[in-house]
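Dumped my_file33.cif below, it's mmCIF, C-alpha atoms:
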```cif
data_work
loop_
_atom_site.label_atom_id
_atom_site.label_comp_id
_atom_site.auth_asym_id
_atom_site.auth_seq_id
_atom_site.Cartn_x
_atom_site.Cartn_y
_atom_site.Cartn_z
CA MET A 7 18.62 -44.28 95.91
CA SER A 8 21.43 -41.75 95.53
CA ASP A 9 23.05 -41.41 92.12
CA LEU A 10 26.56 -41.56 93.62
CA PHE A 11 28.81 -43.76 91.51
CA VAL A 12 31.19 -46.12 93.32
CA SER A 13 34.68 -47.34 92.45
CA VAL A 14 35.82 -50.44 94.37
CA LEU A 15 39.58 -51.01 94.44
CA PHE A 16 41.78 -53.83 95.58
CA SER A 17 45.23 -55.23 94.89
CA SER A 18 45.95 -58.95 94.83
CA TYR A 19 49.26 -60.76 95.15
CA ASN A 20 48.80 -64.48 94.44
CA GLY A 21 45.15 -64.20 95.42
CA ALA A 22 44.11 -67.17 93.27
CA SER A 23 46.03 -69.38 95.69
CA ARG A 24 44.05 -68.01 98.62
CA ARG A 25 40.61 -66.38 98.93
CA LEU A 26 40.22 -64.18 95.85
CA ARG A 27 37.41 -66.25 94.33
CA HIS A 28 35.32 -65.86 97.49
CA THR A 29 35.79 -62.08 97.35
CA LEU A 30 34.75 -61.90 93.71
CA ASP A 31 31.72 -64.13 94.27
CA SER A 32 30.51 -61.83 97.05
CA LEU A 33 30.84 -58.85 94.70
CA VAL A 34 28.81 -60.62 92.03
CA HIS A 35 25.89 -60.70 94.45
CA GLN A 36 25.91 -57.02 95.39
CA GLU A 37 22.46 -55.42 95.52
CA LEU A 38 23.76 -52.18 94.01
CA PRO A 39 23.11 -52.39 90.24
CA HIS A 40 26.21 -52.93 88.12
CA ASP A 41 25.67 -49.67 86.28
CA ARG A 42 26.19 -47.80 89.58
CA TRP A 43 29.65 -49.09 90.36
CA GLU A 44 32.93 -50.36 88.94
CA LEU A 45 35.61 -52.72 90.22
CA ILE A 46 39.28 -52.03 89.54
CA ALA A 47 41.38 -55.05 90.47
CA VAL A 48 45.17 -54.92 90.27
CA ASP A 49 47.20 -58.09 89.83
CA ASN A 50 50.32 -57.09 91.76
CA ASN A 51 53.13 -59.18 90.30
CA SER A 52 51.45 -62.50 91.03
CA ASN A 53 53.00 -65.77 89.91
CA ASP A 54 49.89 -67.89 90.22
CA GLY A 55 46.62 -67.71 88.28
CA THR A 56 45.41 -64.41 89.72
CA PHE A 57 45.13 -62.58 86.39
CA ASP A 58 43.36 -65.50 84.72
CA LEU A 59 40.93 -65.82 87.61
CA LEU A 60 40.09 -62.11 87.45
CA GLU A 61 39.43 -62.42 83.73
CA THR A 62 36.83 -65.16 84.29
CA TYR A 63 34.68 -62.57 86.06
CA SER A 64 34.67 -60.12 83.17
CA ASP A 65 31.13 -61.11 82.19
CA LYS A 66 29.89 -61.19 85.81
CA LEU A 67 31.26 -57.93 87.20
CA PRO A 68 31.86 -54.36 85.98
CA ILE A 69 35.58 -55.07 86.28
CA THR A 70 38.74 -53.44 84.98
CA ILE A 71 41.86 -55.56 85.44
CA LEU A 72 45.27 -53.93 85.72
CA GLN A 73 48.72 -55.42 86.14
CA GLN A 74 51.42 -53.83 88.27
CA ARG A 75 54.75 -55.63 87.99
CA LYS A 76 56.42 -53.63 90.75
CA PRO A 77 55.77 -55.44 94.05
CA GLY A 78 53.89 -53.47 96.67
CA LYS A 79 50.24 -52.99 97.55
CA SER A 80 50.46 -49.19 97.85
CA GLY A 81 51.89 -48.73 94.37
CA ALA A 82 49.26 -51.05 92.94
CA LEU A 83 46.45 -49.04 94.54
CA ASN A 84 47.96 -45.82 93.24
CA MET A 85 47.81 -47.27 89.74
CA ALA A 86 44.12 -48.04 90.27
CA LEU A 87 43.43 -44.55 91.64
CA ASP A 88 44.56 -43.04 88.35
CA ARG A 89 41.72 -44.90 86.62
CA VAL A 90 38.74 -44.38 88.94
CA LYS A 91 35.47 -42.83 87.82
CA GLY A 92 33.51 -42.99 91.06
CA ASP A 93 32.27 -40.29 93.40
CA LEU A 94 33.08 -42.70 96.23
CA ILE A 95 36.29 -44.71 96.32
CA VAL A 96 35.98 -47.96 98.25
CA PHE A 97 39.24 -49.66 99.27
CA THR A 98 39.11 -53.31 100.22
CA ASP A 99 41.22 -56.49 100.17
CA ASP A 100 41.23 -59.72 98.19
CA ASP A 101 40.38 -61.86 101.22
CA VAL A 102 37.04 -60.41 102.30
CA ARG A 103 33.48 -61.54 101.83
CA ALA A 104 31.13 -58.62 101.42
CA GLU A 105 27.52 -58.70 102.56
CA PRO A 106 25.08 -58.35 99.61
CA ASN A 107 23.98 -54.88 100.75
CA TRP A 108 27.55 -53.65 101.34
CA LEU A 109 27.83 -51.17 98.47
CA LYS A 110 24.21 -50.04 98.74
CA ALA A 111 24.73 -49.31 102.45
CA ILE A 112 27.86 -47.30 101.64
CA VAL A 113 26.02 -45.19 99.05
CA ASP A 114 23.07 -44.59 101.37
CA CYS A 115 25.37 -43.62 104.24
CA ALA A 116 27.44 -41.20 102.15
CA ALA A 117 24.29 -39.61 100.68
CA ALA A 118 22.78 -39.16 104.14
CA HIS A 119 25.92 -37.53 105.59
CA PRO A 120 27.30 -35.10 103.00
CA GLY A 121 29.47 -33.31 105.57
CA TYR A 122 31.71 -36.34 105.97
CA GLY A 123 34.46 -37.26 103.54
CA VAL A 124 35.74 -40.56 104.98
CA PHE A 125 33.63 -43.58 105.92
CA GLY A 126 34.51 -46.86 107.56
CA GLY A 127 32.29 -49.92 107.63
CA ARG A 128 32.23 -52.90 109.97
CA ILE A 129 34.91 -55.54 109.52
CA VAL A 130 34.05 -58.78 111.25
CA PRO A 131 36.29 -61.84 111.50
CA GLU A 132 35.73 -64.90 109.36
CA TRP A 133 37.81 -67.52 111.11
CA GLU A 134 39.14 -70.51 109.24
CA LYS A 135 39.00 -72.23 112.61
CA GLU A 136 37.03 -70.68 115.45
CA PRO A 137 39.62 -69.76 118.12
CA LYS A 138 39.21 -71.52 121.44
CA ASP A 139 42.36 -70.19 123.04
CA ARG A 140 41.89 -67.52 125.71
CA PHE A 141 44.78 -65.44 124.35
CA ILE A 142 42.48 -64.21 121.56
CA GLU A 143 40.88 -61.96 124.20
CA TRP A 144 44.21 -60.29 124.90
CA ILE A 145 45.20 -59.10 121.46
CA PRO A 146 44.52 -55.78 119.69
CA MET A 147 42.05 -57.02 117.06
CA GLY A 148 42.25 -53.87 114.94
CA SER A 149 45.99 -53.67 114.39
CA THR A 150 46.35 -57.47 114.24
CA PHE A 151 43.48 -58.57 112.02
CA ALA A 152 41.93 -55.26 110.83
CA ILE A 153 38.74 -56.05 112.76
CA VAL A 154 36.37 -53.16 113.57
CA ASP A 155 33.18 -54.73 114.85
CA ASP A 156 31.42 -51.64 116.19
CA THR A 157 27.69 -51.94 115.57
CA GLN A 158 26.92 -48.26 116.17
CA SER A 159 26.93 -45.83 113.25
CA GLY A 160 28.10 -42.27 113.81
CA PRO A 161 31.11 -39.94 113.71
CA CYS A 162 34.34 -41.75 114.50
CA ASP A 163 38.03 -41.20 115.02
CA PRO A 164 39.89 -41.41 111.68
CA THR A 165 42.32 -43.93 113.17
CA LYS A 166 39.39 -46.36 113.48
CA VAL A 167 38.85 -46.52 109.71
CA TRP A 168 40.62 -49.67 108.47
CA GLY A 169 41.83 -50.90 105.10
CA PRO A 170 39.39 -53.65 104.07
CA ASN A 171 36.40 -51.32 104.43
CA THR A 172 37.60 -47.78 103.78
CA ILE A 173 35.57 -45.27 101.77
CA VAL A 174 36.75 -41.83 100.64
CA ARG A 175 35.02 -39.20 98.56
CA ARG A 176 36.97 -38.89 95.35
CA GLU A 177 37.12 -35.09 95.57
CA LEU A 178 39.36 -35.38 98.65
CA LEU A 179 41.96 -37.40 96.77
CA GLY A 180 42.04 -35.39 93.54
CA THR A 181 45.02 -36.12 91.37
CA SER A 182 47.70 -35.73 94.03
CA VAL A 183 46.70 -37.48 97.27
CA ARG A 184 48.03 -41.01 96.95
CA TYR A 185 49.37 -43.84 99.08
CA ARG A 186 52.93 -43.62 100.30
CA GLU A 187 54.71 -46.38 98.46
CA ASP A 188 57.32 -46.81 101.19
CA ILE A 189 54.56 -48.13 103.49
CA GLY A 190 52.41 -51.21 103.04
CA PRO A 191 52.65 -54.92 102.23
CA LEU A 192 55.62 -56.22 100.29
CA PRO A 193 56.31 -59.90 99.64
CA GLY A 194 59.14 -61.67 101.37
CA LYS A 195 60.32 -59.15 103.97
CA ILE A 196 59.30 -56.98 106.88
CA PHE A 197 57.22 -53.99 105.87
CA ALA A 198 55.62 -51.06 107.62
CA MET A 199 51.96 -51.63 108.36
CA GLY A 200 49.55 -48.71 108.20
CA GLU A 201 49.36 -47.56 104.58
CA ASP A 202 45.59 -47.20 104.89
CA ALA A 203 45.79 -45.38 108.23
CA GLU A 204 48.46 -43.00 106.93
CA ILE A 205 46.39 -41.67 104.04
CA ILE A 206 43.30 -41.25 106.26
CA ILE A 207 45.36 -39.41 108.89
CA ARG A 208 46.59 -37.05 106.16
CA LEU A 209 43.05 -36.38 104.98
CA ALA A 210 41.92 -35.77 108.57
CA ALA A 211 44.74 -33.27 109.07
CA ASN A 212 43.33 -31.37 106.08
CA GLY A 213 39.88 -31.25 107.65
CA ALA A 214 38.13 -34.41 106.39
CA LYS A 215 35.66 -35.81 108.92
CA SER A 216 35.14 -39.55 109.42
CA TYR A 217 31.92 -41.49 109.91
CA ARG A 218 31.32 -45.14 110.76
CA CYS A 219 28.69 -46.85 108.63
CA ALA A 220 27.89 -49.97 110.66
CA GLU A 221 25.44 -51.21 108.05
CA ALA A 222 28.24 -51.75 105.52
CA VAL A 223 29.79 -55.09 106.49
CA VAL A 224 32.62 -57.21 105.18
CA HIS A 225 33.94 -60.45 106.65
CA HIS A 226 37.75 -60.59 106.82
CA TRP A 227 39.30 -64.03 106.40
CA ILE A 228 41.67 -65.07 109.19
CA PRO A 229 43.59 -68.30 108.54
CA ALA A 230 44.19 -70.70 111.40
CA SER A 231 47.95 -70.22 110.98
CA SER A 232 47.55 -66.60 112.15
CA VAL A 233 45.79 -67.48 115.36
CA THR A 234 48.79 -68.39 117.51
CA GLU A 235 50.56 -66.44 120.20
CA ASP A 236 53.83 -66.58 118.31
CA TRP A 237 52.33 -65.22 115.07
CA VAL A 238 50.48 -62.38 116.79
CA GLN A 239 53.49 -61.41 118.88
CA LYS A 240 55.78 -61.27 115.87
CA ARG A 241 53.20 -59.24 113.95
CA GLY A 242 53.79 -56.57 116.58
CA GLU A 243 57.18 -56.02 114.93
CA ARG A 244 55.49 -54.91 111.69
CA LEU A 245 53.22 -52.57 113.60
CA GLY A 246 56.15 -51.04 115.44
CA TYR A 247 58.11 -50.66 112.20
CA GLY A 248 55.36 -48.53 110.70
CA MET A 249 54.67 -46.24 113.66
CA PRO A 250 57.59 -43.82 113.04
CA ALA A 251 56.32 -43.40 109.47
CA LEU A 252 52.80 -42.59 110.66
CA PHE A 253 53.72 -40.54 113.71
CA PRO A 254 57.24 -39.12 113.29
CA ASP A 255 56.53 -36.29 115.74
CA GLU A 256 56.13 -38.83 118.52
CA VAL A 257 59.66 -40.19 118.14
CA PRO A 258 61.78 -38.96 121.09
CA GLY A 259 64.45 -36.38 120.41
CA GLY A 260 67.87 -36.00 121.94
CA VAL A 261 70.91 -38.25 121.88
CA ARG A 262 70.89 -41.24 119.56
CA LEU A 263 72.80 -44.48 119.77
CA SER A 264 73.07 -46.41 116.49
CA GLY A 265 70.41 -44.13 115.04
CA VAL A 266 67.87 -44.74 117.84
CA PRO A 267 66.99 -42.20 120.58
CA LEU A 268 68.26 -43.08 124.04
CA PRO A 269 64.73 -43.13 125.61
CA THR A 270 63.68 -45.71 123.01
CA TRP A 271 66.67 -47.89 123.89
CA ILE A 272 65.74 -47.65 127.57
CA GLU A 273 62.12 -48.62 126.91
CA SER A 274 63.27 -51.46 124.64
CA ALA A 275 65.60 -52.79 127.34
CA GLN A 276 62.80 -52.71 129.91
CA TRP A 277 60.47 -54.76 127.72
CA ALA A 278 63.26 -57.18 126.75
CA PHE A 279 63.99 -57.76 130.43
CA ARG A 280 60.30 -58.37 131.22
CA ALA A 281 59.93 -60.73 128.27
CA ALA A 282 63.02 -62.71 129.32
CA MET A 283 61.82 -62.97 132.93
CA LEU A 284 58.34 -64.15 131.94
CA TYR A 285 59.23 -66.33 128.96
CA LEU A 286 59.62 -69.59 130.85
CA LEU A 287 56.59 -69.00 133.08
CA PRO A 288 53.07 -70.32 132.32
CA ARG A 289 51.05 -68.50 129.71
CA SER A 290 49.35 -65.35 130.93
CA LYS A 291 48.20 -61.99 129.63
CA LYS A 292 51.21 -60.31 131.26
CA ARG A 293 53.61 -62.77 129.61
CA PHE A 294 51.91 -62.40 126.22
CA TRP A 295 52.11 -58.61 126.26
CA ALA A 296 55.73 -58.49 127.43
CA ILE A 297 56.79 -60.62 124.46
CA TRP A 298 54.52 -58.65 122.10
CA LYS A 299 56.08 -55.36 123.28
CA TYR A 300 59.57 -56.81 122.85
CA TYR A 301 58.84 -57.42 119.16
CA TYR A 302 57.01 -54.11 118.79
CA MET A 303 60.01 -52.18 120.14
CA ARG A 304 62.37 -54.11 117.87
CA GLY A 305 60.26 -53.01 114.91
CA TYR A 306 59.97 -49.47 116.25
CA ARG A 307 63.76 -49.09 116.45
CA ALA A 308 64.14 -50.31 112.87
CA GLY A 309 61.33 -47.98 111.77
CA ILE A 310 63.06 -44.98 113.32
CA ARG A 311 66.22 -45.78 111.38
CA ARG A 312 64.18 -46.19 108.20
CA TYR A 313 61.76 -43.31 108.36
CA VAL A 314 62.89 -40.62 110.81
CA SER A 315 66.01 -38.63 110.07
CA GLN A 316 68.30 -37.39 112.82
CA THR A 317 67.34 -33.77 112.21
CA MET A 318 63.61 -34.43 112.68
CA THR A 319 64.10 -35.44 116.31
CA GLN A 320 66.25 -32.62 117.54
#
```
Show me this structure written as structure tokens.
Amino acid sequence: MSDLFVSVLFSSYNGASRRLRHTLDSLVHQELPHDRWELIAVDNNSNDGTFDLLETYSDKLPITILQQRKPGKSGALNMALDRVKGDLIVFTDDDVRAEPNWLKAIVDCAAAHPGYGVFGGRIVPEWEKEPKDRFIEWIPMGSTFAIVDDTQSGPCDPTKVWGPNTIVRRELLGTSVRYREDIGPLPGKIFAMGEDAEIIIRLAANGAKSYRCAEAVVHHWIPASSVTEDWVQKRGERLGYGMPALFPDEVPGGVRLSGVPLPTWIESAQWAFRAAMLYLLPRSKKRFWAIWKYYYMRGYRAGIRRYVSQTMTQ
């Protein structure tokens, strides 16, 4: 076995009220010996028993518990990054269940492929209630539920490395590469999705190569409340809101109206018209996507105003 040391990081906001215990239990049963890895868990301004729950695992896990009072997942992870000791940094979430060989598979994969700096494992859905509705076949599983269920290992596009199972060699991050704190989950309001994708895209632009390690598997919890057409369609607004932050060069230039480029207004109007025309018709893939795109474009317009200055699009 390689002597690579691993740092596992996650942030939790009110995780004790949800699935945090299941995540911690799965880490207790990791095959990688505890002297080969550490867990840094950040209680991000929780108002439930998250901190107390984390403390109960102090004698079961090689855990360091931090508290970040400022709301925001990205800031919490940045706090954790300042404390890591590992050669490999593993980013995950507080609602996953890791397979027992998860960390061992990550170490073996990184040791076998030294030319790669970023690794992404499989993320498979763990449904609270197995979906029976046909619309589940229509949705983008990656951007909606962070599912990447590709069973083939090998080089991959960096945009296919997702948050709950993201691994980066520590040397690529150094002391300066950190999450953008204006992107990522915030309680109580719309936020830009894509904080994990943004940092990987930056690393890729600097030459880091990505590899999929299909043997490293986590199960991502998906509550039944998230498996409805309405929820998925409205989630498109968060995705759209983050896209100008991730890809500002793709925002159209030219004349703006109310801070939004004219071509974006035209595209928005087209999708709004389609959504309105199809709304009262029976459910179909075409109807679903028209409404999804309506919300996506609404978020995209707001994201342009938030993240892309007028001068950047000239």
- Task: Could you tell me which residues the PyMOL selection byres ((chain A and resi 183-186) around 9) returns for this structure, as a ChimeraX atom specification?
- Result: /A:80-81,83-84,87,178-182,187-190,201-202,204-205,208-209
- Polymer residues at most 12 Å from Gly21 (chain A), only C-alpha atoms, same-chain spacing of 4 or more positions, as an MDAnalysis selection string: chainID A and resid 16:17 25:30 47:60 99:102
Could you dump the residues just selected with C-alpha atoms as a short mmCIF file (atom, residue, chain, number, x, y, z; two decimals), in the frame of the given file?
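Result went into result.cif, see below:
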```
data_model
loop_
_atom_site.label_atom_id
_atom_site.label_comp_id
_atom_site.auth_asym_id
_atom_site.auth_seq_id
_atom_site.Cartn_x
_atom_site.Cartn_y
_atom_site.Cartn_z
CA PHE A 16 41.78 -53.83 95.58
CA SER A 17 45.23 -55.23 94.89
CA ARG A 25 40.61 -66.38 98.93
CA LEU A 26 40.22 -64.18 95.85
CA ARG A 27 37.41 -66.25 94.33
CA HIS A 28 35.32 -65.86 97.49
CA THR A 29 35.79 -62.08 97.35
CA LEU A 30 34.75 -61.90 93.71
CA ALA A 47 41.38 -55.05 90.47
CA VAL A 48 45.17 -54.92 90.27
CA ASP A 49 47.20 -58.09 89.83
CA ASN A 50 50.32 -57.09 91.76
CA ASN A 51 53.13 -59.18 90.30
CA SER A 52 51.45 -62.50 91.03
CA ASN A 53 53.00 -65.77 89.91
CA ASP A 54 49.89 -67.89 90.22
CA GLY A 55 46.62 -67.71 88.28
CA THR A 56 45.41 -64.41 89.72
CA PHE A 57 45.13 -62.58 86.39
CA ASP A 58 43.36 -65.50 84.72
CA LEU A 59 40.93 -65.82 87.61
CA LEU A 60 40.09 -62.11 87.45
CA ASP A 99 41.22 -56.49 100.17
CA ASP A 100 41.23 -59.72 98.19
CA ASP A 101 40.38 -61.86 101.22
CA VAL A 102 37.04 -60.41 102.30
#
```
- Task: Compile the contact shell of Met199 (chain A) as a ChimeraX atom specification: residues with an atom at most 9 Å away, counting all atoms listed in the file, same-chain residues fewer than 3 positions apart removed.
- Result: /A:149,189-191,202-203,244-249
- Task: Tell me which of A:Val223, A:Leu263, A:Ile207, A:Ala86 sits closest to Ser13 (chain A), counting all atoms listed in the file.
- Result: A:Ala86
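Considering the residues A:Ile145, A:Pro77, A:Pro229, A:Asp93 and counting all atoms listed in the file, Asp9 (chain A) has its shortest atom-to-atom contact with A:Asp93.
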I need the output of the PyMOL selection byres ((chain A and resi 143) around 12) for this file as an mmCIF file with C-alpha atoms, in the frame of the given file; which residues are they?
```
data_model
loop_
_atom_site.group_PDB
_atom_site.id
_atom_site.type_symbol
_atom_site.label_atom_id
_atom_site.label_comp_id
_atom_site.auth_asym_id
_atom_site.auth_seq_id
_atom_site.Cartn_x
_atom_site.Cartn_y
_atom_site.Cartn_z
ATOM 1 C CA PRO A 137 39.620 -69.760 118.120
ATOM 2 C CA LYS A 138 39.210 -71.520 121.440
ATOM 3 C CA ASP A 139 42.360 -70.190 123.040
ATOM 4 C CA ARG A 140 41.890 -67.520 125.710
ATOM 5 C CA PHE A 141 44.780 -65.440 124.350
ATOM 6 C CA ILE A 142 42.480 -64.210 121.560
ATOM 7 C CA TRP A 144 44.210 -60.290 124.900
ATOM 8 C CA ILE A 145 45.200 -59.100 121.460
ATOM 9 C CA PRO A 146 44.520 -55.780 119.690
ATOM 10 C CA MET A 147 42.050 -57.020 117.060
ATOM 11 C CA VAL A 233 45.790 -67.480 115.360
ATOM 12 C CA GLU A 235 50.560 -66.440 120.200
ATOM 13 C CA SER A 290 49.350 -65.350 130.930
ATOM 14 C CA LYS A 291 48.200 -61.990 129.630
ATOM 15 C CA PHE A 294 51.910 -62.400 126.220
ATOM 16 C CA TRP A 295 52.110 -58.610 126.260
#
```
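Remark: for Tyr302 (chain A), the closest of the candidate residues A:Gly242, A:Pro170, A:Pro267, A:Gly194 is A:Gly242 (distances computed over all atoms listed in the file).
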In file coordinates, which residues lie within 9 Å of (43.5, -56.1, 110.1) using all atoms listed in the file, given as a compact mmCIF listing (two decimals) with C-alpha atoms, in the coordinates of the input?
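Saved as point-v7.txt:
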```txt
# COMPACT_ATOMS: atom_id res chain seq x y z
CA ILE A 129 34.91 -55.54 109.52
CA MET A 147 42.05 -57.02 117.06
CA GLY A 148 42.25 -53.87 114.94
CA SER A 149 45.99 -53.67 114.39
CA THR A 150 46.35 -57.47 114.24
CA PHE A 151 43.48 -58.57 112.02
CA ALA A 152 41.93 -55.26 110.83
CA ILE A 153 38.74 -56.05 112.76
CA VAL A 154 36.37 -53.16 113.57
CA TRP A 168 40.62 -49.67 108.47
CA GLY A 169 41.83 -50.90 105.10
CA PRO A 170 39.39 -53.65 104.07
CA HIS A 226 37.75 -60.59 106.82
```
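Run against this file, the PyMOL selection byres ((chain A and resi 312) around 10) gives back Asp188, Ala198, Tyr247, Gly248, Pro250, Ala251, Gly265, Tyr306, Arg307, Ala308, Gly309, Ile310, Arg311, Tyr313, Val314 and Ser315 of chain A.
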- Query: Please, what distance in Å, to one decimal, runs between CA of Arg262 (chain A) and CA of Arg304 (chain A)?
  - Reply: 15.5 Å
Just need the box for region 165-169 of chain A, edges along x, y and z, holding every atom the file lists for it with 4 Å tacked onto each side, so centre and edge lengths in Å to one decimal, as lines of an AutoDock Vina configuration file.
```
center_x = 40.6
center_y = -47.4
center_z = 109.3
size_x = 11.5
size_y = 15.0
size_z = 16.4
```
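Going from CA of Gln73 (chain A) to CA of Val224 (chain A) covers 25.0 Å.
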